[in-house]
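Below: one structure, written as structure tokens.
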Amino acid sequence: MKETILLTKHMRENLEDSHLIDSYEKNNGYFTAKKTLLESSPEKILEEIKASNIRGRGGAGFPTGVKWGFLAEDEDRYLVINADESEPGTFKDRILLERDPHQLIEGMIITCFSANIKEAFIYIRGEYAKPARRVQQAVEQAYQKGYLGKNIFGSEIDLDIVVHLGAGAYICGEETALLNSLEGRRGEPRLKPPYFPAVKGLYMKPTLVNNVETISSVPWIIENGGEEYNKLGVEGSTGTRIFSLSGHINNPGNYEIEMGSSFGEFVETLGGGIRNNKKVKAYIPGGASAPWFRGDQLDIKMTIDDVANNNSMLGSGAVVMMDEDTNLVSAAKSIVSFFAHESCGQCTPCREGTTWLEMILDRIASGRGRTSDINLLLDVCDNISPGLSWPPKMTTICPLGPSAVSPITSLMNDFRDEVESLIPTKVFL
Amino acid sequence: MSEKVNLNVNGIEIESDPNKLLIEACEDSGIHIPRFCWHKRLDPVGMCRMCLVEVETPRGKILVPSCTTEVGDEMVVDTESDVVKKAQEGVLEFLLINHPLDCPICDKAGECPLQDQTMAYGPGESRFVEEKRHFEKPINISEIILLDRERCILCARCTRFSDEISGDPLIEFIQRGNKTEVNTFPNEPFRSYFSGNTVQICPVGALTSTSYRFKARPWDLKSTRSTCNGCSMGCSIELNSSQNKMLRILGVDNDAVNQGWICDKGRYNFEYLNSDSRLKNPLKKMDNEFVEIEIQDVYSELSEVIKDKQTKVNFLLGSNLTNEDYVAFREFSEIISQSEKSFYLNDDLLFKGFFGDNIELAKIDDLNSSDAIVVWAEDLKEKIPVLYLRIRQAVKNGVKLVVFGHTNETLSDIADVYYGKETVSENFEIVKDVSKLKEIKDLVIGKNITAILGKATPYQSDESVTKLFEFLNLNTNSKVLNAYSKGNTYGAFKTLENVKGLNDFVNDISKESTDLLFIVGADPVGRSVYSNQIKSIIKGLDIVVSLDNFNHETSEQANFVIPISSTLGEKEGTFTNIEFRTSRIDKLVPSPGQTVSDWEFITSLMNFAGLTVKTNSLEDLNTKAYENLEDSVSPVFDNLDKPSNLDGMVNVSKPKISSSVRTLIKTMFFTGEKLYGDSVTVRHSDSISLLGSKKYIEVSESLAEKYNLTSGKCTLIQDELEVTVSYEVSKSLPNDLIYVPKNRRDLNKFDFSREINIIPSQVKEALNVN
Amino acid sequence: MSWDDKLLKQAKKIIKLYPQKRSAIGPLLHLAQSKDGYISDDSIAVISELVGITEVQVKSVSTFYSMYKQEPTGKYLLSVCKSISCEINNSSEVINKVQEFTGLNNNETDEEKLFTFEAVECIGACGGAPAVQVNYETVEGVTSENAVNLCKWLKETKPEVVVADEMQENFGGIKSFDWAIQDSSGATSTAPGFQTLKTTKVKK
Ligand SMILES: Cc1cc2nc3c(=O)[nH]c(=O)nc-3n(C[C@H](O)[C@H](O)[C@H](O)COP(=O)(O)O)c2cc1C
Ligand code: SF4
Ligand code: FES
């Protein structure tokens with residue numbers, strides 16, 4: 001199995017200076033944007049994006065062309081790049097920001113042209129200080145060259161980009177929370193309906209929110225045509241995607257591949273196998289929110305639909321391998337306490353429920369569990385995500401609360417023995 | 001009205017207006033959905049998740065919060081399915097895991113939605129074995145409000161109220177997730193004129209009032225619905241008492257008037273009823289000392305005086321009388337004299353107003369439906385606080401707001417245009433051609449306008465505001481809300497003739513014109529800008545009878561002081577508000593000692609004097625008050641007590657105001673009144689008595705410089721009088737103007753029409769040292 | 001106002017970047033953090049005045065985000081990741097050793113105001129687990145031994161600028177990806193070493 005290098009081409013070929021505008025331009029950078037602004041039309045760009053069938057890389061996998069098509073008419077519209085990447089296991093946007101920020105900016109210029117947007121924001125998580133510096137530098141360079149600001153490339157088009165730093169809140173990756181945060185408010189998700197960003201987004205104006213990787217893919221799609229992109233990967237999961245591989249793996253890292261091969265193949269070839277030749281006990285196919293797969297499920301294909309059909313999600317493309325020695329109760333506890341810590345606190349079930357789950361798991365992990373805790377765990381989960389089905393039903397505003405349920409259902413469905421063995425009283429009813 | 005939509009709830013077909021929220025539509029059809037965060041008057045946030053219901057979609061049934069989901073035609077809803085019940089029980093359990101079990105000592109117990117719903121939907125036993133979240137037990141977040149964060153269920157009702165409705169967001173969520181708490185900023189207490197509303201809408205006992213704390217249990221409470229007589233808004237209220245003591249006042253949701261909200265003064269200024277200093281027995285002045293006498297003796301002494309038809313009687317009436325009280329005085333005046341009598345209202349700002357035949361008077365609700373609101377009046381936030389809320393609401397709904405003058409600073413914050421010192425001079429005259437002002441052209445001319453007009457201060461002449469009115473009348477489609485702010489002024493307008501103000505009083509009243517003066521529920525010596533003049537006029541009269549709840553600076557000058565029962569909770573009657581809406585005043589508690597109602601006193605006196613009295617009962621007076629109205633629309637008791645009329649009945653009338661004295665001498669000072677200050681009743685209401693104790697003035701930038709004011713304090717000196725005040729330098733005041741909140745203690749002693757010296761404090765201290 | 005003219009000038013520049021003033025709260029709080037090492041009530045008052053909302057509203061925003069510290073921090077903020085990829089790669093040991101060395105519990109600052117320690121959620125360095133940040137500059141593949149060496153080095157040399165590359169070279173191991181580019185930029189405070197401030201917005 002080999003990587004297919006589109007997005008990461010420039011950074012791989014220009015190890016020393018891929019983040020600088022000179023290097024980017026030397027390798028045909030901004031050429032596509034320039035051509036687009038001077039020769040193309042917004043409609044044509046939208047068509048290409050639709051033809052590419054690219055789906056959002058932020059986690060939800062929503063078709064990008066459809067999303068752009070939803071954007072309501074208004075004099076003021078905004079583009080917001082979601083660079084809040086905080087899903088445990090995920091570090092793909094980081095490399096795009098740090099190593100090839102101009103590709104993102106070029107994608108933004110084309111996107112804004114297509115959507116008639118004059119003001120855009122890049123919302124980068126606060127902990128990404130260095131990537132943010134690189135992006136900021138790139139934005140300044142682009143301004144100096146006249147690629148941002150007024151009459152870019154000598155066209156009639158204006159565009160401003162502001163780099164905005166978050167401050168430590170995973171929930172701000174959720175697009176409406178992100179908009180609240182960008183407005184200087186608490187990063188609490190908004191109600192959908194009525195606050196769909198494409199209609200009532202930033203400052204209640206129509207707003208496109210797209211992930212870094214999604215928009216970084218735009219220059220290639222426009223340069224080579226949506227059809228070409230559509231040929232890559234498989235139906236429903238076209239193009240390439242950067243997967244972040246971590247955990248008990250020999251070669252952790254970001255890999256750009258076409259979707260469609262199996263997790264097993266990916267892990268064995270590019271990942272170099274599990275460390276110390278151990279077996280896989282379980283793995284997370286798409287970030288901490290995703291339900292786990294067992295070690296015997298490595299033949300599942302890495303596509304949005306295949307993973308969904310197996311009751312999990314490809315999510316943010318973060319694959320975390322857990323070997324046979326992993327204490328899965330501790331692993332689950334780590335994920336649940338992540339969500340408890342990151343709950344915005346609006347919804348009663350999420351605010352109270354995630355913390356309660358954390359407490360129960362903590363009790364079990366430290367050998368103070370009770371026999372009734374198993375049912376209690378599941379029932380608390382059920383009160384956050386009724387029926388414990390997939391995709392999750394929710395009693396909450398956003399999917400964060402139900403995300404905390406994923407590792408527990410995985411644990412209970414597939415590794416119940418491991419939980420039970422930690423509970424001192426061995427009597428189960 | 002747009003077409004209705006039909007939906008199916010629990011198998012039953014119901015009808016609803018479109019755009020309604022599911023929770024409301026269900027409620028209207030008698031289907032109750034439990035909730036905590038949703039409140040009819042607040043923007044929905046869908047946070048507590050208690051109101052989840054199942055709605056059918058093409059993708060099957062989904063759980064949605066009914067408080068954020070709009071109804072749709074053909075919508076199929078289940079509010080009682082097993083999934084719904086399970087979700088609701090789950091939410092309750094989640095809320096209870098961190099909620100203390102201190103119901104036995106909680107003020108809210110017995111009327112607590114959380115308690116009620118736990119009974120109705122809750123789990124039996126707690127499965128939560130961990131330690132609950134802990135916070136320091138109740139903390140004072142203001143002088144009158146306590147916050148117990150352990151009880152808080154984070155529904156955001158209080159924070160939304162203070163942000164959306166009252167516009168003073170001083171409480172907020174702090175921290176996030178499971179650590180979230182409501183709190184204030186350090187050293188920035190929750191000092192809002194409307195803070196008590198948050199106590200009322202808190203669905204648990206997290207916010208409580210110091211005044212009500214531990215005072216009663218809901219099941220011991222007696223209650224009745226009444227009308228607040230604190231200002232001319234006439235908010236609907238509920239009175240609560242226990243063991244014959246008034247303990248609490250709540251706002252009642254009167255859609256046309258206060259929509260459930262009341263101001264804190266209205267809420268807490270009842271404590272005086274229980275004050276030990278209340279007058280209980282009549283007083284007679286003998287050798288400059290008051291001695292208690294029997295009420296019968298008062299009647300007999302005074303009846304001797306009024307029997308003499310030559311006796312010239314005059315009336316200075318406060319604004320806290322019921323319409324029936326006013327009618328009694330009118331009857332009295334008609335019986336004792338043939339010539340026309342005037343009634344002087346205890347009001348510095350009375351002028352003819354805008355009631356002419358071709359003037360359309362506005363209703364409060366017109367604020368919401370007009371294109372723009374134009375305000376030139378007293379400071380509405382201080383004087384008619386809930387009207388201020390209604391203006392805020394209209395602005396939030398997109399109505400434009402245009403504010404004139406130097407008195408409505410808080411309103412100017414939300415105004416689209418504020419015409420301050422560039423447009424309105426220190427003489428309170430508009431110095432520009434209004435028709436040429438750009439924003440007036442854009443927002444006002446040719447539009448539907450609600451104009452709230454009145455004199456902004458006693459130091460303003462009637463002419464200037466009249467000019468503005470005439471401009472609006474000519475150039476817009478305008479309705480006028482006359483901004484008389486005091487209590488039942490409109491009741492007086494409705495029931496009395498030849499109404500005049502204190503400006504006329506000082507002009508008209510003297511030993512020559514008056515032998516006997518009744519002063520009823522009024523303390524002009526303590527509060528009027530004409531204080532000194534009034535005091536000397538009264539001193540010069542033969543017989544002065546003061547009827548009041550307390551002895552005060554004015555009654556000190558009287559020959560007789562009669563203890564009366566309070567319009568708040570101690571008597572029945574009717575009240576008429578700023579839009580001529582008449583509603584019920586009700587009695588809940590007895591009044592102390594030999595107190596009588598105003599009308600009882602005057603009726604008894606007439607009977608004692610052997611005069612032929614036609615109105616011997618409250619009902620007679622009530623009927624008399626509205627005798628010129630058709631039975632069906634007349635706000636007589638029988639009609640008002642019908643369930644459909646609880647919110648009051650509107651009968652616009654054209655009052656007969658014969659005030660003629662127009663202007664005051666121009667000085668450097670102009671006065672206004674703050675919500676909290678030193679008044680006869682507030683002085684005796686412990687919770688709020690000190691809230692208006694700060695003595696301060698606002699000084700224009702140029703005067704601050706002229707008087708070398710830098711230290712934050714200065715001393716005002718006039719004759720023997722020296723008062724040290726703090727001052728604020730105001731950028732918005734014209735050059736030569738100083739604002740004085742005159743209802744602050746000691747500041748009422750100055751005669752602002754004469755020179756007052758201003759000395760910066762440190763200079764004075766330095767002088768003292770030398 | 002407790003902010004000097006230079007800071008206020010920066011603040012006003014930030015505010016101008018946004019269509020609405022309130023949006024600037026985030027960066028202004030970072031600015032406050034870089035000045036004092038935490039969000040002081042004074043700074044909150046300044047920001048509330050600058051953007052025109054009440055102090056408690058600013059406080060409400062600032063306390064929502066974990067990077068705005070409510071207590072003064074030390075010169076170096078040591079953030080050790082404890083989320084899933086790090087957790088299963090022994091981050092708990094790193095945490096233990098760092099706590100042992102510094103003598104600090106979670107979210108504590110030592111008396112000399114040198115170190116503040118915190119165990120944090122995922123910092124996007126999962127491929128280089130376990131990962132550590134010093135003033136938000138990332139070091140990856142940090143063994144517990146090296147974590148202690150890193151602390152020692154900070155304590156001894158007290159660098160004014162904390163540079164990720166330098167720390168990675170001396171104390172790091174396996175990385176999430178090839179950093180390739182030599183970078184000497186870094187952090188000078190417990191606010192992320194990043195300036196929104198130079199942005200030249202041409203329009204408006
Ligand atoms: C709790 C939560 C966290 C999320 N975090 C991120 C994130 O860190 N980065 C991201 O791009 N999208 C994140 N998303 C998805 C966004 O809400 C949104 O779908 C995405 O930014 C859309 O961009 P795309 O269509 O290009 O994927 C998150 C969603 C949820 C519910
Ligand atoms: S589910 Fe959790 S994170 Fe999402 S809005 Fe509700 S409380 Fe906030
Ligand atoms: S009442 Fe609907 S969520 Fe609270």
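Ligands are numbered from 1 in the order shown, chains are lettered A, B, ... in the order of the structure tokens, and residues start at 1 in each chain.
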
Pick out the chain B residues within 7 Å of chain C. Count only C-alpha atoms. Give them as a ChimeraX atom specification.
-> /B:169-176,184-185

Could you write out as an MDAnalysis selection string the residues of chain A within 7 Å of chain C, counting only C-alpha atoms?
-> chainID A and resid 15:17 86 88:91 126:127 129:130 132:133 140 149:150 160 162:163 165 167:169 182:186 245:247 252:254 320 326 331 334:335 338

Tell me which protein, DNA and RNA residues are within 10 Å of B:Cys106, counting only C-alpha atoms, leaving out same-chain ones fewer than 5 positions away, and put them as number ranges by chain.
-> B: 101, 112, 151, 204-206, 208, 213-214, 217

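Minimum atom-to-atom distances from A:Ser385, A:Thr269, A:Asn309, A:Ser237 to chain B were compared using only C-alpha atoms, and the lowest value belongs to A:Ser385.
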
Extract, using only C-alpha atoms, all DNA, RNA and protein residues at most 9 Å from A:Ala332, discarding same-chain residues fewer than 6 positions from it, and format them as a PyMOL selection string.
-> (chain A and resi 361+404+406-408+410-411) or (chain C and resi 84)

Can you tell me which residues sit at most 12 Å away from ligand 3, counting only C-alpha atoms and all ligand atoms, written as JSON, numbers by chain?
-> {"A": [191, 346, 347, 348, 349, 395, 396, 397], "B": [21, 22, 23, 24, 32, 33, 34, 35, 36, 37, 38, 39, 40, 42, 43, 44, 45, 46, 47, 48, 49, 50, 51, 52, 53, 63, 64, 65, 66, 67, 68, 69, 87, 88, 91, 92, 95, 113, 153, 154, 155, 156, 157, 203]}

Restrict the distance test to only C-alpha atoms, flag each residue of chain A within 9 Å of chain B, and return the flagged residues as a ChimeraX atom specification.
-> /A:186,190-191,193-194,340-356,359-360,376,379-380,382-384,386-387,393-397

Would you output that residue set with N, CA and C atoms, as a JSON list (two decimals), in the first residue's frame?
```json
[["chain", "number", "residue", "atom", "x", "y", "z"],
["A", 186, "ARG", "N", -18.84, 32.65, 25.19],
["A", 186, "ARG", "CA", -18.52, 31.31, 25.64],
["A", 186, "ARG", "C", -18.73, 30.36, 24.47],
["A", 190, "ARG", "N", -24.68, 26.31, 19.43],
["A", 190, "ARG", "CA", -25.98, 26.94, 19.27],
["A", 190, "ARG", "C", -27.01, 25.88, 18.89],
["A", 191, "LEU", "N", -28.27, 26.28, 19.00],
["A", 191, "LEU", "CA", -29.35, 25.36, 18.67],
["A", 191, "LEU", "C", -29.50, 25.26, 17.16],
["A", 193, "PRO", "N", -32.14, 23.38, 14.66],
["A", 193, "PRO", "CA", -32.43, 24.74, 14.24],
["A", 193, "PRO", "C", -32.51, 25.68, 15.44],
["A", 194, "PRO", "N", -32.48, 26.97, 15.26],
["A", 194, "PRO", "CA", -32.52, 27.69, 13.97],
["A", 194, "PRO", "C", -31.14, 28.16, 13.47],
["A", 340, "ALA", "N", -15.84, 14.83, 29.67],
["A", 340, "ALA", "CA", -16.36, 15.52, 30.87],
["A", 340, "ALA", "C", -15.67, 16.87, 31.03],
["A", 341, "HIS", "N", -14.35, 16.86, 30.80],
["A", 341, "HIS", "CA", -13.59, 18.10, 30.94],
["A", 341, "HIS", "C", -13.98, 19.11, 29.88],
["A", 342, "GLU", "N", -14.35, 18.62, 28.70],
["A", 342, "GLU", "CA", -14.61, 19.52, 27.58],
["A", 342, "GLU", "C", -16.09, 19.86, 27.39],
["A", 343, "SER", "N", -16.97, 19.27, 28.19],
["A", 343, "SER", "CA", -18.39, 19.60, 28.08],
["A", 343, "SER", "C", -18.58, 21.09, 28.33],
["A", 344, "CYS", "N", -19.37, 21.71, 27.49],
["A", 344, "CYS", "CA", -19.56, 23.15, 27.70],
["A", 344, "CYS", "C", -20.45, 23.40, 28.91],
["A", 345, "GLY", "N", -21.29, 22.42, 29.24],
["A", 345, "GLY", "CA", -22.09, 22.56, 30.46],
["A", 345, "GLY", "C", -23.51, 23.02, 30.24],
["A", 346, "GLN", "N", -23.88, 23.27, 29.00],
["A", 346, "GLN", "CA", -25.27, 23.72, 28.76],
["A", 346, "GLN", "C", -26.28, 22.63, 29.09],
["A", 347, "CYS", "N", -26.07, 21.45, 28.49],
["A", 347, "CYS", "CA", -27.09, 20.41, 28.58],
["A", 347, "CYS", "C", -26.92, 19.61, 29.87],
["A", 348, "THR", "N", -28.02, 19.45, 30.57],
["A", 348, "THR", "CA", -27.97, 18.69, 31.82],
["A", 348, "THR", "C", -27.36, 17.29, 31.62],
["A", 349, "PRO", "N", -27.82, 16.52, 30.64],
["A", 349, "PRO", "CA", -27.30, 15.15, 30.52],
["A", 349, "PRO", "C", -25.79, 15.12, 30.27],
["A", 350, "CYS", "N", -25.29, 16.05, 29.49],
["A", 350, "CYS", "CA", -23.86, 16.05, 29.18],
["A", 350, "CYS", "C", -23.05, 16.54, 30.38],
["A", 351, "ARG", "N", -23.49, 17.66, 30.95],
["A", 351, "ARG", "CA", -22.76, 18.26, 32.06],
["A", 351, "ARG", "C", -22.68, 17.31, 33.26],
["A", 352, "GLU", "N", -23.84, 16.78, 33.64],
["A", 352, "GLU", "CA", -23.88, 15.92, 34.82],
["A", 352, "GLU", "C", -23.49, 14.49, 34.47],
["A", 353, "GLY", "N", -23.98, 14.04, 33.30],
["A", 353, "GLY", "CA", -23.80, 12.64, 32.93],
["A", 353, "GLY", "C", -22.35, 12.27, 32.69],
["A", 354, "THR", "N", -21.61, 13.09, 31.93],
["A", 354, "THR", "CA", -20.23, 12.73, 31.63],
["A", 354, "THR", "C", -19.40, 12.66, 32.91],
["A", 355, "THR", "N", -19.65, 13.59, 33.81],
["A", 355, "THR", "CA", -18.89, 13.57, 35.07],
["A", 355, "THR", "C", -19.23, 12.35, 35.91],
["A", 356, "TRP", "N", -20.49, 12.02, 35.90],
["A", 356, "TRP", "CA", -20.92, 10.84, 36.66],
["A", 356, "TRP", "C", -20.27, 9.58, 36.09],
["A", 359, "MET", "N", -16.82, 9.30, 37.16],
["A", 359, "MET", "CA", -16.72, 8.86, 38.55],
["A", 359, "MET", "C", -16.90, 7.34, 38.68],
["A", 360, "ILE", "N", -17.88, 6.83, 37.95],
["A", 360, "ILE", "CA", -18.15, 5.38, 38.04],
["A", 360, "ILE", "C", -16.96, 4.60, 37.47],
["A", 376, "LEU", "N", -25.62, 0.53, 35.91],
["A", 376, "LEU", "CA", -25.69, 1.97, 36.14],
["A", 376, "LEU", "C", -24.98, 2.71, 34.99],
["A", 379, "ASP", "N", -27.07, 2.61, 31.99],
["A", 379, "ASP", "CA", -28.29, 3.40, 32.08],
["A", 379, "ASP", "C", -28.00, 4.89, 32.01],
["A", 380, "VAL", "N", -26.91, 5.30, 32.63],
["A", 380, "VAL", "CA", -26.51, 6.71, 32.52],
["A", 380, "VAL", "C", -26.22, 7.02, 31.06],
["A", 382, "ASP", "N", -27.50, 5.55, 28.55],
["A", 382, "ASP", "CA", -28.79, 5.54, 27.87],
["A", 382, "ASP", "C", -29.52, 6.87, 28.05],
["A", 383, "ASN", "N", -29.32, 7.50, 29.20],
["A", 383, "ASN", "CA", -29.97, 8.78, 29.44],
["A", 383, "ASN", "C", -29.29, 9.93, 28.70],
["A", 384, "ILE", "N", -28.10, 9.68, 28.22],
["A", 384, "ILE", "CA", -27.43, 10.68, 27.39],
["A", 384, "ILE", "C", -27.72, 10.39, 25.92],
["A", 386, "PRO", "N", -30.18, 7.87, 24.10],
["A", 386, "PRO", "CA", -31.22, 6.84, 24.27],
["A", 386, "PRO", "C", -31.07, 5.68, 23.28],
["A", 387, "GLY", "N", -31.15, 4.50, 23.81],
["A", 387, "GLY", "CA", -31.10, 3.32, 22.97],
["A", 387, "GLY", "C", -29.70, 2.85, 22.66],
["A", 393, "LYS", "N", -28.58, 8.51, 19.09],
["A", 393, "LYS", "CA", -29.69, 9.43, 19.38],
["A", 393, "LYS", "C", -29.20, 10.33, 20.51],
["A", 394, "MET", "N", -29.77, 11.50, 20.61],
["A", 394, "MET", "CA", -29.22, 12.44, 21.59],
["A", 394, "MET", "C", -30.30, 13.06, 22.47],
["A", 395, "THR", "N", -29.97, 13.24, 23.74],
["A", 395, "THR", "CA", -30.82, 14.09, 24.58],
["A", 395, "THR", "C", -30.17, 15.45, 24.72],
["A", 396, "THR", "N", -29.15, 15.71, 23.93],
["A", 396, "THR", "CA", -28.35, 16.92, 24.10],
["A", 396, "THR", "C", -28.40, 17.81, 22.87],
["A", 397, "ILE", "N", -27.79, 18.98, 22.99],
["A", 397, "ILE", "CA", -27.79, 19.92, 21.87],
["A", 397, "ILE", "C", -26.79, 19.49, 20.79]]
```

Neighbours of A:Gln297 within 9 Å (only C-alpha atoms; same-chain residues fewer than 2 positions away dropped), as a PyMOL selection string?
-> chain A and resi 263-264+282+293-295+299-300

Those residues you just picked out, can you put them in a file as a compact mmCIF listing (two decimals), in the first residue's frame with C-alpha atoms?
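Writing done, so here's result_25.txt:
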```txt
# COMPACT_ATOMS: atom_id res chain seq x y z
CA PHE A 263 -7.37 -0.69 8.37
CA GLY A 264 -5.31 -3.85 8.66
CA ALA A 282 -8.99 -2.78 19.93
CA PHE A 293 -13.38 -1.79 16.67
CA ARG A 294 -11.98 -5.06 17.96
CA GLY A 295 -8.64 -6.49 16.90
CA ASP A 299 -10.44 -5.90 7.56
CA ILE A 300 -13.01 -3.11 7.64
```

Name the closest residue to B:Lys447 among the candidates B:Thr210, B:Asn477, B:Asn320, B:Thr466; distances are taken between atoms, counting only C-alpha atoms.
-> B:Asn477
